[in-house]
Structure formats: C-alpha cells, structure tokens
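Asker: This is the structure, below, for whatever I ask next.
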Amino acid sequence: MAVITIREALNQALREELERDENVFLMGEEVGAYQGAYKVSKGLLEEFGEKRVIDSPITELGFAGLGVGAAMVGLRPVIEFMTFNFSILATDQIINSAAKMLYMSGGQFKIPIVFRGPNGSAYQVSSQHSQALESWYAHFPGIKVVMPSTPADAKGLLKSAIRDDDPVIFLEQERMYGLKGEVPDDGDFTIPLGVAEVKREGTDATIVARSLTVPLALKAAEELEKQGVSVEVIDPRTIRPLDIETIIKSVQKTNRVVIAEESHPFCGVGAELSAQIMERAFDYLDAPVKRISGADAPMPYAKNLEKLALPDIERIIAAVREVAYL
Amino acid sequence: MSELKVKPLKPRGPSAAPASAGVVTERGPDEIDQAELRAEHQERQQHLHASIEGLERETLLNMLSQMVLIRRFEEKAAEAYTLGKIGGFCHLYIGQEAVAVGSIAALRPDDYVMTSYRDHGHALARGTSPDEVMAELFGKAGGCSAGKGGSMHLFDRDNHFLGGHAIVGGQIPLATGVAFAAKYKGTDQVSCVYFGEAAVNQGVFHESLNMAQLWKLPCIYICENNQYGMGTALKRAMSLSDVSQKACAYGMASEFVDGMDVLAVYEATRRAAARARKESQPSLIEVRTYRFMGHSMSDPGNYRTRAEIEKYQERDPVKVFIESLKQKQIVDDATIKEIEDRVRAQVEHAIKFADSSPEPAPEELHTHIYANPIK
Ligand SMILES: Cc1ncc(C[n+]2csc(CCOP(=O)(O)OP(=O)(O)O)c2C)c(N)n1
Ligand SMILES: [Mg+2]
C-alpha cells in the first residue's frame, strides 16, 4: 500500500475513472490549464485532452445545469466547484433538476453526476468562503452526499460516486487535502456508498465525526485513552443514505454519544443524527446526546475568532467527559 | 464568429423614448400597432402560400393534424380541469400550436426536445400518445411520467422528449448539456429547447448561450415570445425587448419569426437544425406568438383586453393555416372534417383512457428516488 495525500488519492480516482469510462468527463473552473485551484486535477488535461477535462467560464448555475443535461442522455459528468460556497449559485440545477429528474419522469431519466470540491472552512478566508453545506444537500431525497476523511476513503468513495447512477455531492475539505494515509494499490479498489466505518473501537462513549472532525476525534480518543476512557469513533462517510445501523450498534454498546461537526448546529446533520439516535436507541442512552458544532455565527477572519468558531480536540474531550459524567 | 442571419421579419425595435429612471411609463396592455399587424398579416399570408408549394401534401396534412390535435386536446383538458379531474397548475398551449408543430416537424426523431411547464403541445407534437399525456394530467399510473410529474413534467424517453421543466429558465442549461453530450459523443443529433420570453431575463439564459456559442454546441434555442410572463407584459420586464437581438452578445446566429405561421417556424428551425448538424453551431430563434387562454387555468386575465386577444385570434395559427391550404387546394372541407373527426375520437379516447387508468399504487411514493437505491 502506498502512503499518499487525499489530494493525490482524489487525483488517482479521477484518472482511473476517466481511463475506465469514455463517458466520464471533468468540468469546472480552472480544472485544466491551471491544474485545479487545489491541484486535485493535476496532469489530467495533459493526459486526457480538452475533450475530457474542460475549463469552464465562471458560470456555476450554467455548468451545473449543462452537466445534468449531459447526464440525462448518458454521459457521466464530474463537475468541480472551486469551493462548495460557489455551489450555492447552482443549487437550482442540483436540487430542482438533478435530484428530481428520475422521480418526476416516472423513472425514465437517471442522473449519474458527481458534484465535487472543497466544503467547509479553510484558512482565514472569512464568511463567504468557509461554509459547510452538507445539511443543505442531504436534506433532499434524490441526492447522495459523501464526505471522506482519509485518502483511502477519498479514493474508494470517489470512484464509487462516479460509477453510481444517481447525483452525488462529494464534499472534500480544503484543510485535509494534504493529509496522508495508506491507499490500496489495486486500480479497482472502491468503497461502497452508504457504509459507515468504525475508525477506532471503544467501549465507554461513541464519537460520530465526519470530514474535518474525524482526525480531531481520533486525537481526542487517544488523549482520553490516557485518561482511562475508551472511545469509539464512527465516520458515516456517506451522509445520505446514512448507515444509521452502525451508529446505533455502537450506541447500544457505549450508551453515550458525542457528535462532532464543523458545520453550524442549527438544522444540521448533527441534529438529524441526534434525532435518529433518540428515536431508535433512547433506552440505551445513559446521557443526553452532545453536539460539538461550528459556531452559530458566520465565519470571522481574525485568527483567534476563527479558532473559536471551529470544533477542536479540547472541546471534543470535554464533551466526552461530560456525557460520561466525569 | 458566425454570420448573423438576416431577419425575415422586421422586429419591433427597442422602445422609442426610454422611461426616466424609476418612473413606470403608463402604457396600454396592447404593445403592437394594429395597422402594422394587419399589414404583416397580408405579408405572412403570401409567405404561407409560397411555402406550401415547396412541401409534400402529406407533410402539410401531418402538421395540420397535429395542430388540430393540440387545440382539441387542450380544450378537453380545460374542461377536465373545471371538472376537477386535473389538479395543480395547468398551462394551456392554445394559440401557440404553430410553434411546437412547425419546429418539431423540422427535427429528426433522434434529436432531443425539452421545454417548460407549458409542455402538452410539445409532447403531442413529438409523438407522445394523447392517452398517456391525458393520463398524466389526471395523475394516473398510465401517464407518460407514471403520474408523478403532472401537467408541468411530461417526459417521454422513447420519443426523445426530455421533459417539461417548471423553474422558469431551468431547461435552458439542461438542453445545452444535451447538445454538449451530442457533440461529445460525435453524433449529429440536435438539442432543441423552448422557453418563454420571461425566461430570457433569468441569468441562466445568458450563462447557457455563452457556453453554447463558446463551445459551438448543436443547440436550438426557441424563445416562444407570447408577450406575457403571467400578467407582466414583456415591455414591463425587459430593458431591450427585442429578444432575437440578444444573440449578438454571444455572436450567435438568430432569427425573428412569426409564430402564427407554422411554415415560417418550420423553415427557420430547418435552417437552425442544418447549422447545428453540419456546422455544430447554436441558434436563437425568437418566435412571436400569443396565448389565447390565461397563463394557467387559474388566471383572472385582467391584465389584457378582450380586444387585444381578439386581434390575435384573427391570426389564429390553425385558422390561417387551414385558409391557406384551402386556397392552395391542398385540402377541402371534407378533408378538414376527416381530420376533425379523427382528432375528436383520439381526444375522447384519451379521456377514457385517463379516466380508467388506475391511480399510482401507494408504494410508488417511494420508487424512482434513486436509480441505485442503497439498502
Ligand atoms: C424561477 C421561477 N420563478 C417564478 C415562477 C412562477 N412562474 C411560472 S410561469 C411564470 C411566467 C413565465 O413566463 P414566460 O417565460 O414568458 O412563459 P409563458 O408562461 O408565457 O409560456 C412565472 C413567473 C417559476 N415557475 N419559476
Ligand atoms: Mg410568455
């Protein structure tokens, strides 16, 4: 197994899928000549040419809609948003067209498309460039939402997303592109959508984390181990469809849950997780579910305020101690 | 840059005196000069006669049959709506029949067609069975979208009809993507998309036409300018109301066509389709038309005068086509009666089919959400 970054893992997944299927193409702002704003598409233009790797104008709604239309007649577009903040301009085509087409056509038109790019906070880019939008997209039936937290997950899940016949929102994290990990060498390695992974086993409390908060939760678990608390860390990896069974099984074992997320708390994925745990495992809970979320405020620029707005290891540790009544 | 086509008709120019900022100039609802329209009527009739000579009788009769079918189908749909058999929003195509029929007749069966929520006419012109369209309006399992789309979302994959779309302008980038796919796969198929003039004010119109010309996509953009977006007259909503001129912003070929003349629409679309197929170039066609009914079945209609509607009804596209065909001795009263009888039977059959088609099964609520459902 090679040790590579998430950026390289995504690049490999794109390269392999472009290679495998003539109908796959990559379109977005700066994906070609510039090699990707975050270099995820490095080398792809050179390898696959302008037909397959297409630099688009700054026209998010337009190229999102173009992708959905192309998918209606058999292509498998991978649409890159330079960041998901800009996908907000394209939500009409994602939500009103991509998510609804199969349904309102009575099953006639499937939409095999991937919308991908960085989601969530970056480094001091303030309010309009730091939003975590998974709860928006996960709200709608007809869309799948994927959030990898390791290079292996990034590669395996992106390949599955491209092969999937439904619209997939694939949320990367800018702060995590450089994160390294082992990735299987097998060119046909995939990870199925809709399957959570227990990232660390434990018996005293469960942390459900995703994307940016997975490495934080793992560090918190290490620290808590030293304090005599055994923590299980679960990464759903796919937000919709959600593998709630794996989470419930863990809750039945540990009886205590902390949810860690960088998004705003209000109407967030954490709120949904919390509700589902309450509905399905209320009798197993020894403490109320605790959420550690991003601040309920727009992202500020100042370094100290930005730090305050994001979940960190200390807050996660404190939350676990709180649900464990320590 | 592609050569801009000469417009066969003089477009209404940009409004003479610009209104001062913030002041709404008081205008009557009637934007078009009566005498100008009459003169044009004469001119168009000449055109219609000339065009008829160049076409096979069978082609002409097919177009006429389709126009009559759409007219009678929509009349029946209106009736069914008032009886409560059709719910929700129901936008009729009466008055605009020549647009869908003329343009679709100029396409190949393997080309793609996409439109807005005002989609009954396009589906029928594309060959979707009236039975399935009516059943869809009735919300029945036998409908062309299995009862899940309704009036605004007719789909028919077999006939390459890619749907009615109900977000104003939403179908424009979709059809651009269909054209992109045709070019990508190296087929010589054409994507043809219809939208109202009010959709031109949406940003995505600009986004789509820019991409289409930039990447030379085989797309035909047909703006059905019926001069109103719900109750808002074109001039109250668009700074430059000459839609076809907007193609200049992209260096795109464009034409302005009389939408009451089915053969003018046919010819313009044929030119655009050839441009798309042979040169992979998009076109914008502005078709001036008029809807004789309200915006939808729930429209009070108090924003335009009866006189204005009647004036356009003089140029009823079905009526003028029949007149011309008669004058050219392509049809006589007996042929017209035959067509009317056949269409009446078709529409009655559609109503019976829709009435007797079962409701969708309750479990259909949760099907077709994902093509690859998980768990
Ligand atoms: C984005 C959006 N805004 C508003 C509406 C409500 N609406 C439906 S049709 C319509 C008028 C559109 O007029 P036009 O594009 O000229 O088409 P026409 O109805 O005349 O065929 C409006 C405002 C909508 N469906 N979508
Ligand atoms: Mg209109």
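Ligands are numbered from 1 in the order shown, residues from 1 within each chain, and chains are lettered A, B, ... in the order they appear in the structure tokens.
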Can you pull out every residue with an atom within 9 Å of ligand 1? Use only C-alpha atoms and all ligand atoms and format it as a ChimeraX atom specification.
Answerer: /A:92 /B:91-93,116-118,165-170,195-202,223-234,290-291,295-296
Asker: Got a sec: who's within 9 Å of Asp165 (chain A), counting only C-alpha atoms, leaving out chain neighbours fewer than 4 positions off, as an NGL selection string?
Answerer: (:A and (76 or 110-113 or 161)) or (:B and (370-372))
Asker: Using N, CA, C and O atoms, can you export the residues from the last selection as a compact mmCIF listing (two decimals), in the first residue's frame?
Answerer:
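Final output, selection-v5.txt:
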# COMPACT_ATOMS: atom_id res chain seq x y z
N ARG A 76 -21.39 10.84 -17.96
CA ARG A 76 -21.20 10.75 -16.51
C ARG A 76 -20.30 11.89 -16.06
O ARG A 76 -19.12 11.70 -15.78
N LYS A 110 -32.40 8.85 -15.33
CA LYS A 110 -31.49 8.87 -14.19
C LYS A 110 -30.40 9.91 -14.45
O LYS A 110 -30.11 10.26 -15.60
N ILE A 111 -29.80 10.40 -13.38
CA ILE A 111 -28.80 11.47 -13.50
C ILE A 111 -27.49 11.03 -12.83
O ILE A 111 -27.24 11.30 -11.65
N PRO A 112 -26.63 10.34 -13.58
CA PRO A 112 -25.36 9.92 -12.99
C PRO A 112 -24.33 11.05 -13.05
O PRO A 112 -23.59 11.20 -14.00
N ILE A 113 -24.29 11.84 -11.99
CA ILE A 113 -23.39 13.01 -11.99
C ILE A 113 -22.75 13.14 -10.62
O ILE A 113 -23.36 12.78 -9.61
N ALA A 161 -18.68 6.93 -6.39
CA ALA A 161 -19.59 8.03 -6.72
C ALA A 161 -19.69 8.21 -8.23
O ALA A 161 -20.78 8.42 -8.78
N TYR B 370 -34.05 6.98 -6.21
CA TYR B 370 -32.67 6.68 -6.60
C TYR B 370 -32.68 5.59 -7.67
O TYR B 370 -33.46 4.65 -7.60
N ALA B 371 -31.76 5.73 -8.63
CA ALA B 371 -31.60 4.68 -9.64
C ALA B 371 -30.86 3.49 -9.02
O ALA B 371 -31.10 2.35 -9.38
N ASN B 372 -29.93 3.77 -8.11
CA ASN B 372 -29.22 2.73 -7.36
C ASN B 372 -29.54 2.90 -5.88
O ASN B 372 -28.72 3.45 -5.15
Asker: When the cut-off is 9 Å and we count only C-alpha atoms, which residues of chain A are near chain B, given as a PyMOL selection string?
Answerer: chain A and resi 23+51-52+56-57+59-75+92-93+96-97+99-112+141-144+164-167+193-194+241
Asker: Going by DSSP on the backbone, which residues of region 181-307 of chain B come out as strand (DSSP E or B)? List them as a VMD selection string.
Answerer: chain B and resid 191 to 196 219 to 225 228 to 229 232 to 233 253 to 258 283 to 288
Asker: How many Å separate CA of Asn159 (chain B) from CA of Val101 (chain B)?
Answerer: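 So the answer is 14.7 Å.
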Asker: Rounded to one decimal place, report the CA of Ala220 (chain A)-CA of Leu10 (chain A) distance in Å.
Answerer: 26.9 Å
